[in-house]
$ cat query-v8.cif   # mmCIF, C-alpha atoms
data_entry
loop_
_atom_site.label_atom_id
_atom_site.label_comp_id
_atom_site.auth_asym_id
_atom_site.auth_seq_id
_atom_site.Cartn_x
_atom_site.Cartn_y
_atom_site.Cartn_z
CA MET A 1 34.23 114.67 -6.52
CA ALA A 2 37.03 112.92 -8.39
CA THR A 3 39.05 115.23 -10.60
CA VAL A 4 38.60 114.14 -14.19
CA ASN A 5 38.79 116.15 -17.36
CA PRO A 6 35.29 116.19 -18.85
CA LEU A 7 36.76 117.43 -22.13
CA LYS A 8 38.65 114.21 -22.70
CA ARG A 9 36.48 113.01 -25.53
CA ARG A 10 36.65 111.83 -29.06
CA GLY A 11 35.51 114.28 -31.73
CA LEU A 12 32.50 113.38 -33.81
CA LEU A 13 32.14 113.07 -37.58
CA PHE A 14 28.85 114.80 -38.29
CA VAL A 15 27.58 114.36 -41.84
CA LEU A 16 25.01 116.69 -43.40
CA SER A 17 23.58 115.64 -46.76
CA SER A 18 20.74 116.96 -48.90
CA PRO A 19 19.90 117.66 -52.49
CA SER A 20 21.25 120.97 -53.76
CA GLY A 21 18.76 123.71 -52.80
CA ALA A 22 17.27 122.01 -49.73
CA GLY A 23 19.08 124.46 -47.46
CA LYS A 24 21.93 122.29 -46.21
CA SER A 25 24.56 125.04 -46.56
CA THR A 26 22.40 127.50 -44.61
CA ILE A 27 21.83 124.96 -41.82
CA ALA A 28 25.55 124.11 -41.78
CA ARG A 29 26.49 127.79 -41.47
CA MET A 30 23.96 128.32 -38.65
CA ILE A 31 25.32 125.30 -36.75
CA LEU A 32 28.93 126.47 -37.14
CA GLU A 33 27.96 129.97 -35.96
CA SER A 34 25.99 128.80 -32.93
CA ASP A 35 28.37 126.07 -31.72
CA ASP A 36 32.06 126.49 -30.90
CA GLY A 37 32.78 122.77 -30.61
CA ILE A 38 32.39 121.93 -34.29
CA GLY A 39 34.39 122.96 -37.35
CA LEU A 40 33.94 122.46 -41.07
CA SER A 41 35.93 120.01 -43.13
CA VAL A 42 36.92 121.89 -46.28
CA SER A 43 36.62 119.50 -49.24
CA ALA A 44 38.99 119.28 -52.18
CA THR A 45 37.36 119.64 -55.59
CA THR A 46 38.24 119.71 -59.27
CA ARG A 47 35.33 122.00 -60.14
CA PRO A 48 36.26 125.55 -61.19
CA ILE A 49 36.23 128.27 -58.53
CA ARG A 50 33.12 130.51 -58.70
CA PRO A 51 33.06 134.28 -58.19
CA GLY A 52 33.12 135.06 -54.47
CA GLU A 53 34.58 131.71 -53.46
CA VAL A 54 37.90 131.56 -51.62
CA ASP A 55 40.42 128.75 -52.14
CA GLY A 56 41.03 126.95 -48.84
CA VAL A 57 37.86 128.35 -47.29
CA ASP A 58 35.01 127.18 -49.53
CA TYR A 59 37.01 124.38 -51.10
CA HIS A 60 40.58 123.36 -51.77
CA PHE A 61 40.52 123.87 -55.54
CA VAL A 62 42.82 121.37 -57.26
CA SER A 63 43.50 120.23 -60.81
CA ASN A 64 42.44 116.83 -62.13
CA GLU A 65 46.06 115.69 -61.91
CA GLU A 66 46.40 116.87 -58.31
CA PHE A 67 43.16 115.08 -57.42
CA ASP A 68 44.44 111.85 -59.07
CA GLN A 69 47.59 112.12 -56.98
CA LEU A 70 45.65 112.64 -53.72
CA VAL A 71 43.57 109.54 -54.55
CA ALA A 72 46.71 107.53 -55.39
CA ASP A 73 48.35 108.64 -52.11
CA GLY A 74 45.33 107.50 -50.07
CA ARG A 75 44.80 111.04 -48.79
CA PHE A 76 40.96 110.91 -48.96
CA LEU A 77 38.47 109.58 -46.43
CA GLU A 78 35.91 109.58 -49.23
CA TRP A 79 35.46 111.10 -52.63
CA ALA A 80 32.72 111.23 -55.27
CA ASN A 81 32.09 112.33 -58.82
CA VAL A 82 29.21 114.82 -59.21
CA PHE A 83 28.31 116.19 -62.64
CA GLY A 84 31.79 115.39 -63.94
CA HIS A 85 33.62 117.15 -61.10
CA ARG A 86 35.21 115.32 -58.20
CA TYR A 87 34.84 116.22 -54.52
CA GLY A 88 36.72 114.61 -51.63
CA THR A 89 37.27 114.79 -47.87
CA LEU A 90 40.96 114.98 -46.94
CA LYS A 91 42.00 112.87 -43.95
CA SER A 92 44.26 115.73 -42.81
CA GLU A 93 41.24 118.05 -42.53
CA VAL A 94 39.47 115.65 -40.19
CA VAL A 95 42.09 113.87 -38.07
CA LYS A 96 43.58 116.91 -36.35
CA GLN A 97 40.19 118.25 -35.24
CA ILE A 98 38.97 114.84 -34.03
CA GLU A 99 42.09 114.24 -31.96
CA ASN A 100 41.71 117.64 -30.31
CA GLY A 101 38.20 116.63 -29.25
CA ARG A 102 36.55 118.90 -31.80
CA ASP A 103 33.68 117.71 -33.96
CA VAL A 104 33.81 117.93 -37.73
CA LEU A 105 30.91 118.88 -39.97
CA LEU A 106 31.03 117.17 -43.36
CA ASP A 107 28.90 118.53 -46.19
CA ILE A 108 28.96 115.46 -48.48
CA ASP A 109 26.53 113.52 -50.66
CA TRP A 110 25.11 110.00 -50.31
CA GLN A 111 28.06 108.41 -52.12
CA GLY A 112 30.60 110.04 -49.80
CA THR A 113 28.46 109.17 -46.78
CA GLN A 114 28.38 105.48 -47.77
CA GLN A 115 32.18 105.43 -48.11
CA LEU A 116 32.73 107.27 -44.83
CA LYS A 117 30.42 104.86 -42.98
CA GLN A 118 32.64 102.00 -44.19
CA VAL A 119 35.77 103.74 -42.90
CA ASP A 120 34.22 104.86 -39.59
CA PRO A 121 30.91 103.22 -38.51
CA ASP A 122 30.66 105.74 -35.65
CA ILE A 123 29.70 108.72 -37.87
CA VAL A 124 26.39 110.56 -37.38
CA ARG A 125 24.40 111.05 -40.56
CA VAL A 126 21.77 113.77 -40.98
CA PHE A 127 19.70 114.27 -44.13
CA ILE A 128 17.81 117.45 -44.97
CA LEU A 129 14.68 117.11 -47.14
CA PRO A 130 12.99 119.98 -49.00
CA PRO A 131 9.32 120.55 -48.03
CA SER A 132 8.34 119.77 -51.64
CA MET A 133 9.91 119.32 -55.07
CA GLN A 134 8.11 122.48 -56.24
CA GLU A 135 9.80 124.40 -53.43
CA LEU A 136 13.16 122.86 -54.34
CA ASP A 137 12.68 123.90 -57.97
CA ARG A 138 11.70 127.42 -56.84
CA ARG A 139 14.79 127.71 -54.60
CA LEU A 140 17.09 126.58 -57.40
CA ARG A 141 15.54 129.15 -59.79
CA THR A 142 15.71 131.96 -57.18
CA ARG A 143 19.48 131.50 -57.04
CA ASN A 144 19.38 132.72 -60.61
CA THR A 145 22.79 131.22 -61.40
CA ASP A 146 21.82 128.14 -63.40
CA SER A 147 20.33 127.57 -66.84
CA ASP A 148 17.04 125.62 -67.24
CA GLU A 149 19.06 122.64 -68.38
CA VAL A 150 21.28 122.70 -65.29
CA ILE A 151 18.22 123.10 -63.03
CA GLU A 152 16.55 120.08 -64.66
CA ARG A 153 19.72 118.09 -64.12
CA ARG A 154 19.86 119.22 -60.49
CA MET A 155 16.19 118.25 -59.98
CA SER A 156 16.74 114.77 -61.35
CA ARG A 157 19.89 114.42 -59.25
CA ALA A 158 17.89 115.63 -56.23
CA ALA A 159 15.45 112.73 -56.66
CA VAL A 160 18.38 110.29 -56.65
CA GLU A 161 19.91 111.92 -53.56
CA ILE A 162 16.54 111.84 -51.73
CA SER A 163 16.07 108.15 -52.61
CA HIS A 164 18.97 107.46 -50.19
CA TRP A 165 17.27 109.17 -47.22
CA ALA A 166 16.78 105.90 -45.31
CA GLU A 167 20.56 105.39 -45.07
CA TYR A 168 20.69 108.34 -42.64
CA ASP A 169 20.32 108.33 -38.85
CA TYR A 170 18.24 111.50 -38.72
CA VAL A 171 16.07 113.01 -41.46
CA PHE A 172 14.54 116.49 -41.21
CA ILE A 173 12.17 118.43 -43.44
CA ASN A 174 13.48 121.96 -43.94
CA ASP A 175 10.36 124.10 -44.08
CA ASP A 176 11.86 126.57 -41.60
CA ALA A 177 15.63 126.98 -41.39
CA GLU A 178 15.75 128.05 -37.71
CA HIS A 179 13.48 125.17 -36.63
CA CYS A 180 15.56 122.77 -38.68
CA ARG A 181 18.80 124.12 -37.17
CA LYS A 182 17.36 123.56 -33.70
CA LEU A 183 16.60 119.90 -34.48
CA VAL A 184 20.06 119.33 -35.98
CA HIS A 185 21.66 121.01 -32.96
CA THR A 186 19.70 118.83 -30.51
CA VAL A 187 21.02 115.78 -32.35
CA LEU A 188 24.60 117.09 -32.24
CA LYS A 189 24.38 117.79 -28.51
CA ALA A 190 22.91 114.37 -27.72
CA GLU A 191 25.34 112.44 -29.92
CA ARG A 192 28.22 114.11 -28.08
CA LEU A 193 26.80 112.64 -24.87
CA LYS A 194 27.03 109.02 -26.05
CA ALA A 195 29.00 107.02 -23.48
CA THR A 196 31.40 105.61 -26.10
CA ARG A 197 32.46 109.16 -26.98
CA ARG A 198 33.06 110.33 -23.41
CA ILE A 199 36.39 108.65 -22.85
CA PHE A 200 36.85 110.25 -19.40
CA LEU A 201 34.05 108.03 -18.05
CA HIS A 202 36.45 105.06 -17.90
CA ASP A 203 38.78 107.00 -15.54
CA PHE A 204 35.86 108.33 -13.56
CA VAL A 205 34.33 104.90 -12.89
CA ARG A 206 37.78 103.61 -11.92
CA THR A 207 38.03 106.31 -9.23
CA LEU A 208 34.50 105.35 -8.16
CA ILE A 209 34.70 101.57 -7.75
CA GLY A 210 38.39 100.83 -8.43
CA MET B 211 3.81 121.05 -48.31
CA ALA B 212 2.54 117.49 -48.38
CA THR B 213 0.02 116.72 -45.64
CA VAL B 214 1.48 114.11 -43.37
CA ASN B 215 0.92 113.47 -39.72
CA PRO B 216 4.20 114.28 -37.95
CA LEU B 217 2.88 112.46 -34.87
CA LYS B 218 2.81 109.11 -36.64
CA ARG B 219 5.72 107.65 -34.78
CA ARG B 220 6.74 104.68 -32.70
CA GLY B 221 7.04 105.23 -28.97
CA LEU B 222 10.41 104.82 -27.35
CA LEU B 223 11.52 102.54 -24.52
CA PHE B 224 13.68 104.79 -22.37
CA VAL B 225 15.58 102.97 -19.61
CA LEU B 226 16.98 104.77 -16.58
CA SER B 227 19.28 102.75 -14.31
CA SER B 228 21.48 103.67 -11.38
CA PRO B 229 22.48 102.39 -7.99
CA SER B 230 19.99 103.17 -5.25
CA GLY B 231 20.68 106.70 -3.97
CA ALA B 232 22.27 108.12 -7.14
CA GLY B 233 19.17 110.21 -7.77
CA LYS B 234 17.50 108.20 -10.53
CA SER B 235 14.00 108.58 -9.07
CA THR B 236 14.39 112.35 -8.78
CA ILE B 237 15.60 112.62 -12.38
CA ALA B 238 12.77 110.34 -13.54
CA ARG B 239 10.18 112.50 -11.76
CA MET B 240 11.66 115.70 -13.23
CA ILE B 241 11.57 114.23 -16.75
CA LEU B 242 7.96 113.06 -16.36
CA GLU B 243 6.97 116.52 -15.05
CA SER B 244 8.73 118.47 -17.79
CA ASP B 245 7.73 116.30 -20.76
CA ASP B 246 4.17 115.33 -21.79
CA GLY B 247 5.26 112.73 -24.33
CA ILE B 248 6.59 110.19 -21.88
CA GLY B 249 4.88 108.10 -19.20
CA LEU B 250 6.14 105.77 -16.50
CA SER B 251 5.90 102.01 -16.69
CA VAL B 252 4.67 100.89 -13.27
CA SER B 253 6.55 97.72 -12.31
CA ALA B 254 5.07 94.72 -10.53
CA THR B 255 6.88 93.69 -7.35
CA THR B 256 6.69 91.14 -4.57
CA ARG B 257 8.28 93.48 -2.04
CA PRO B 258 5.98 94.74 0.73
CA ILE B 259 4.28 98.11 0.26
CA ARG B 260 5.94 100.93 2.25
CA PRO B 261 4.13 103.72 4.10
CA GLY B 262 3.10 106.43 1.62
CA GLU B 263 3.25 104.15 -1.42
CA VAL B 264 0.13 103.61 -3.53
CA ASP B 265 -0.63 100.28 -5.22
CA GLY B 266 -0.86 100.77 -8.99
CA VAL B 267 0.99 104.10 -8.81
CA ASP B 268 4.38 103.33 -7.25
CA TYR B 269 4.22 99.62 -8.02
CA HIS B 270 1.72 96.88 -8.70
CA PHE B 271 2.15 95.01 -5.42
CA VAL B 272 1.63 91.28 -5.96
CA SER B 273 2.16 88.09 -3.95
CA ASN B 274 4.90 85.59 -4.75
CA GLU B 275 2.25 83.27 -6.22
CA GLU B 276 0.80 86.02 -8.42
CA PHE B 277 4.33 86.90 -9.62
CA ASP B 278 5.00 83.21 -10.45
CA GLN B 279 1.78 83.15 -12.48
CA LEU B 280 2.70 86.33 -14.39
CA VAL B 281 6.09 84.79 -15.23
CA ALA B 282 4.46 81.52 -16.31
CA ASP B 283 1.97 83.41 -18.52
CA GLY B 284 4.78 85.30 -20.26
CA ARG B 285 3.37 88.63 -19.09
CA PHE B 286 6.77 90.23 -18.37
CA LEU B 287 9.13 92.04 -20.72
CA GLU B 288 11.83 91.56 -18.08
CA TRP B 289 12.06 90.74 -14.41
CA ALA B 290 14.81 90.55 -11.81
CA ASN B 291 15.44 89.47 -8.25
CA VAL B 292 16.83 92.20 -5.99
CA PHE B 293 17.53 91.47 -2.32
CA GLY B 294 15.09 88.56 -2.35
CA HIS B 295 12.21 90.53 -3.86
CA ARG B 296 11.20 90.32 -7.49
CA TYR B 297 10.50 93.27 -9.79
CA GLY B 298 9.15 93.04 -13.34
CA THR B 299 7.97 95.15 -16.29
CA LEU B 300 4.52 94.08 -17.54
CA LYS B 301 4.12 94.00 -21.32
CA SER B 302 0.63 95.48 -20.90
CA GLU B 303 2.12 98.59 -19.23
CA VAL B 304 4.37 99.26 -22.19
CA VAL B 305 2.60 98.11 -25.36
CA LYS B 306 -0.41 100.42 -25.19
CA GLN B 307 1.71 103.55 -24.66
CA ILE B 308 4.17 102.63 -27.40
CA GLU B 309 1.40 101.99 -29.95
CA ASN B 310 -0.14 105.37 -29.17
CA GLY B 311 3.21 106.99 -30.00
CA ARG B 312 3.99 107.72 -26.35
CA ASP B 313 7.40 107.00 -24.87
CA VAL B 314 7.81 104.84 -21.79
CA LEU B 315 10.26 105.49 -18.98
CA LEU B 316 11.53 102.31 -17.34
CA ASP B 317 13.20 102.50 -13.95
CA ILE B 318 14.97 99.11 -13.99
CA ASP B 319 18.35 97.68 -13.02
CA TRP B 320 21.17 96.25 -15.14
CA GLN B 321 19.65 92.75 -15.14
CA GLY B 322 16.31 94.01 -16.44
CA THR B 323 18.06 96.24 -18.98
CA GLN B 324 20.02 93.28 -20.37
CA GLN B 325 16.81 91.26 -20.78
CA LEU B 326 14.93 94.15 -22.35
CA LYS B 327 17.75 94.76 -24.85
CA GLN B 328 17.35 91.12 -25.97
CA VAL B 329 13.60 91.58 -26.49
CA ASP B 330 13.88 95.00 -28.16
CA PRO B 331 17.32 96.12 -29.42
CA ASP B 332 15.87 99.57 -30.13
CA ILE B 333 15.71 100.66 -26.47
CA VAL B 334 17.63 103.70 -25.20
CA ARG B 335 19.67 103.06 -22.05
CA VAL B 336 20.75 105.82 -19.66
CA PHE B 337 22.85 105.23 -16.55
CA ILE B 338 23.14 107.71 -13.67
CA LEU B 339 26.37 107.66 -11.64
CA PRO B 340 26.82 109.23 -8.20
CA PRO B 341 29.58 111.89 -8.01
CA SER B 342 31.41 109.70 -5.45
CA MET B 343 30.81 106.62 -3.28
CA GLN B 344 31.08 108.85 -0.18
CA GLU B 345 28.25 110.99 -1.54
CA LEU B 346 26.20 107.86 -2.32
CA ASP B 347 26.72 106.63 1.26
CA ARG B 348 25.73 110.05 2.60
CA ARG B 349 22.55 110.13 0.48
CA LEU B 350 21.54 106.64 1.63
CA ARG B 351 22.08 107.65 5.31
CA THR B 352 20.18 110.95 4.89
CA ARG B 353 17.09 108.97 3.84
CA ASN B 354 17.17 107.69 7.39
CA THR B 355 15.06 104.65 6.54
CA ASP B 356 17.68 101.91 6.45
CA SER B 357 19.82 100.20 9.08
CA ASP B 358 23.62 100.23 8.81
CA GLU B 359 23.49 96.65 7.60
CA VAL B 360 21.02 97.48 4.83
CA ILE B 361 23.12 100.51 3.81
CA GLU B 362 26.25 98.35 3.60
CA ARG B 363 24.36 95.87 1.45
CA ARG B 364 23.12 98.70 -0.78
CA MET B 365 26.66 100.08 -1.11
CA SER B 366 28.05 96.74 -2.19
CA ARG B 367 25.14 96.27 -4.60
CA ALA B 368 25.80 99.80 -5.91
CA ALA B 369 29.34 98.78 -6.87
CA VAL B 370 27.94 95.81 -8.82
CA GLU B 371 25.33 98.00 -10.55
CA ILE B 372 27.99 100.61 -11.46
CA SER B 373 30.26 97.90 -12.89
CA HIS B 374 27.66 97.53 -15.70
CA TRP B 375 27.87 101.21 -16.72
CA ALA B 376 29.48 100.44 -20.09
CA GLU B 377 26.39 98.49 -21.22
CA TYR B 378 24.51 101.78 -21.41
CA ASP B 379 24.18 104.20 -24.34
CA TYR B 380 24.50 107.32 -22.20
CA VAL B 381 26.13 107.70 -18.78
CA PHE B 382 25.79 110.84 -16.65
CA ILE B 383 27.32 111.89 -13.34
CA ASN B 384 24.62 113.30 -11.09
CA ASP B 385 26.35 116.09 -9.18
CA ASP B 386 23.47 118.46 -9.91
CA ALA B 387 19.97 117.10 -10.47
CA GLU B 388 18.75 119.91 -12.76
CA HIS B 389 21.89 119.75 -14.92
CA CYS B 390 21.55 115.98 -15.08
CA ARG B 391 17.84 116.25 -16.02
CA LYS B 392 18.78 118.62 -18.84
CA LEU B 393 21.27 116.11 -20.27
CA VAL B 394 18.79 113.23 -20.02
CA HIS B 395 16.12 115.37 -21.66
CA THR B 396 18.43 116.33 -24.55
CA VAL B 397 19.01 112.61 -25.13
CA LEU B 398 15.27 111.86 -25.04
CA LYS B 399 14.50 114.66 -27.52
CA ALA B 400 17.25 113.57 -29.93
CA GLU B 401 16.42 109.86 -29.75
CA ARG B 402 12.81 110.70 -30.70
CA LEU B 403 14.20 112.32 -33.84
CA LYS B 404 15.89 109.12 -35.12
CA ALA B 405 14.69 108.43 -38.65
CA THR B 406 13.69 104.84 -37.84
CA ARG B 407 11.25 106.14 -35.21
CA ARG B 408 9.58 108.75 -37.44
CA ILE B 409 7.38 106.43 -39.44
CA PHE B 410 5.67 109.33 -41.27
CA LEU B 411 8.92 109.97 -43.18
CA HIS B 412 8.18 107.00 -45.47
CA ASP B 413 4.88 108.58 -46.57
CA PHE B 414 6.46 111.99 -46.84
CA VAL B 415 9.28 110.85 -49.14
CA ARG B 416 6.71 108.98 -51.26
CA THR B 417 4.81 112.24 -51.81
CA LEU B 418 8.15 113.90 -52.69
CA ILE B 419 9.66 111.55 -55.23
CA GLY B 420 6.89 108.96 -55.77
#
$ encode --input "query-v8.cif" --output "structure tokens"
Amino acid sequence: MATVNPLKRRGLLFVLSSPSGAGKSTIARMILESDDGIGLSVSATTRPIRPGEVDGVDYHFVSNEEFDQLVADGRFLEWANVFGHRYGTLKSEVVKQIENGRDVLLDIDWQGTQQLKQVDPDIVRVFILPPSMQELDRRLRTRNTDSDEVIERRMSRAAVEISHWAEYDYVFINDDAEHCRKLVHTVLKAERLKATRRIFLHDFVRTLIG
Amino acid sequence: MATVNPLKRRGLLFVLSSPSGAGKSTIARMILESDDGIGLSVSATTRPIRPGEVDGVDYHFVSNEEFDQLVADGRFLEWANVFGHRYGTLKSEVVKQIENGRDVLLDIDWQGTQQLKQVDPDIVRVFILPPSMQELDRRLRTRNTDSDEVIERRMSRAAVEISHWAEYDYVFINDDAEHCRKLVHTVLKAERLKATRRIFLHDFVRTLIG
């Protein structure tokens, strides 16, 4: 057999979106834990750090002025305003991983996904739906961190987020996190196998038929 | 949870191509045996029946005149001429399975795949490569059914077939049939999960956000 490096491949931009409370973060964590080939893109945000969060791990926490500067310098792949706070994906977070053949998981909303699709049409977009709005409401209340007013705002924002479901390549209903993780993982594994992403195939076919 | 029928989906046209001897038929058989959701489309052909073949199972064996009539009546999704014999996919073989939400495996060559892609851009195309041309030659000789002249012709046709590899969505090197089957099966499972194929999602989202 011809000696080719099967690892010579282009990393994948793998987008996971969902309304807050649908379980996206849990699914993302499970994927990152069960798969060595994918890493998280840590977003920059202007929202205040919460207890337990770590700067540079959960987010890059920046001031409004710093965020303005990053925008002005063209440092973002996408950014969006959510409830008065801004969130953005730094090019630097993504490029290095992609070039090393690693995939990047992006936890972004429908606005960011639309922007990213413009920049790179080759992204894979997965949307996670809650099993019901009642269940979503229950999950948001169980967190016990938000006031009624904030929860109402989140629920109305959830409806907007969900209304963009058809802009995604894959859409899953999260009524069981492990089942949902399995579906998302199947998609990740198959998308990695796309011929356009397996650059080594060009060399291999050349050794085959010259 | 809203009551929706998760089976309400559109069947998939799943194309498997490869040069003769690369193991496509073995992979196809393994997929059909390990997955209940997919059935084979039995092609019509003008080539003579071989010992052990069953009409209606391996192929629909038809005369040149019958094939002409099927072409004239627009009964084919695609057809191609290979070594002086014609092979075609009958619409009737495919439509019924697709409408019942079953996937259809099509064992066709690059010419047929090009035609089918024109008719239905939503097809999934998988190409199987041999690990080397030496191995392909060896496999063709091991069959012990063809003369040297026929094998040479097959080898030169193989090079032509392989030259179309980049027209396929997924391309796998068959150096181990079970490993190759696993990759093809991962692709099949993930492609079924595409949002556009899961028609029930429309109803589900309607129950969610009205």
$ residues_around --input "query-v8.cif" --residues "region 166-181 of chain A" --least-positions-apart "6" --cutoff "6 Å" --atoms "all atoms listed in the file" --output "list in words"
Ile27, Arg125, Val126, Phe127, Ile128, Leu129, Pro130 and Pro131 of chain A; Lys404 and Ala405 of chain B
$ resolve_selection --input "query-v8.cif" --expression "the PyMOL selection byres ((chain B) within 8 of (chain A))" --output "list in words"
Met211, Ala212, Pro341, Ser342, Met343, Ala369, Ile372, Ser373, Ala376, Tyr378, Asp379, Tyr380, Val381, Leu393, Thr396, Val397, Lys399, Ala400, Glu401, Leu403, Lys404, Ala405, Thr406, Leu411, Val415, Leu418 and Ile419 of chain B
$ resolve_selection --input "query-v8.cif" --expression "the PyMOL selection byres ((chain A and resi 137) around 12)" --output "ChimeraX atom specification"
/A:19-22,130-136,138-144,146,148,150-159
$ atom_distance --input "query-v8.cif" --atom1 "CA of Asp107 (chain A)" --atom2 "CA of Gly23 (chain A)"
11.5 Å
$ resolve_selection --input "query-v8.cif" --expression "the PyMOL selection byres ((chain A and resi 60) around 7)" --output "count of residues only"
9
$ residues_near_point --input "query-v8.cif" --point "(6.0, 87.0, -15.7)" --cutoff "12 Å" --atoms "only C-alpha atoms" --output "list in words"
Ser253, Ala254, Thr255, Thr256, Val272, Asn274, Glu275, Glu276, Phe277, Asp278, Gln279, Leu280, Val281, Ala282, Asp283, Gly284, Arg285, Phe286, Leu287, Glu288, Trp289, Ala290, Arg296, Tyr297, Gly298, Thr299, Leu300, Lys301 and Ser302 of chain B
$ write_last_selection --input "query-v8.cif" --atoms "C-alpha atoms" --output "mmCIF file, in the coordinates of the input"
data_model
loop_
_atom_site.group_PDB
_atom_site.id
_atom_site.type_symbol
_atom_site.label_atom_id
_atom_site.label_comp_id
_atom_site.auth_asym_id
_atom_site.auth_seq_id
_atom_site.Cartn_x
_atom_site.Cartn_y
_atom_site.Cartn_z
ATOM 1 C CA SER B 253 6.550 97.720 -12.310
ATOM 2 C CA ALA B 254 5.070 94.720 -10.530
ATOM 3 C CA THR B 255 6.880 93.690 -7.350
ATOM 4 C CA THR B 256 6.690 91.140 -4.570
ATOM 5 C CA VAL B 272 1.630 91.280 -5.960
ATOM 6 C CA ASN B 274 4.900 85.590 -4.750
ATOM 7 C CA GLU B 275 2.250 83.270 -6.220
ATOM 8 C CA GLU B 276 0.800 86.020 -8.420
ATOM 9 C CA PHE B 277 4.330 86.900 -9.620
ATOM 10 C CA ASP B 278 5.000 83.210 -10.450
ATOM 11 C CA GLN B 279 1.780 83.150 -12.480
ATOM 12 C CA LEU B 280 2.700 86.330 -14.390
ATOM 13 C CA VAL B 281 6.090 84.790 -15.230
ATOM 14 C CA ALA B 282 4.460 81.520 -16.310
ATOM 15 C CA ASP B 283 1.970 83.410 -18.520
ATOM 16 C CA GLY B 284 4.780 85.300 -20.260
ATOM 17 C CA ARG B 285 3.370 88.630 -19.090
ATOM 18 C CA PHE B 286 6.770 90.230 -18.370
ATOM 19 C CA LEU B 287 9.130 92.040 -20.720
ATOM 20 C CA GLU B 288 11.830 91.560 -18.080
ATOM 21 C CA TRP B 289 12.060 90.740 -14.410
ATOM 22 C CA ALA B 290 14.810 90.550 -11.810
ATOM 23 C CA ARG B 296 11.200 90.320 -7.490
ATOM 24 C CA TYR B 297 10.500 93.270 -9.790
ATOM 25 C CA GLY B 298 9.150 93.040 -13.340
ATOM 26 C CA THR B 299 7.970 95.150 -16.290
ATOM 27 C CA LEU B 300 4.520 94.080 -17.540
ATOM 28 C CA LYS B 301 4.120 94.000 -21.320
ATOM 29 C CA SER B 302 0.630 95.480 -20.900
#
$ atom_distance --input "query-v8.cif" --atom1 "CA of Asp120 (chain A)" --atom2 "CA of Leu13 (chain A)"
8.7 Å
$ atom_distance --input "query-v8.cif" --atom1 "CA of Asp246 (chain B)" --atom2 "CA of Leu222 (chain B)"
13.4 Å
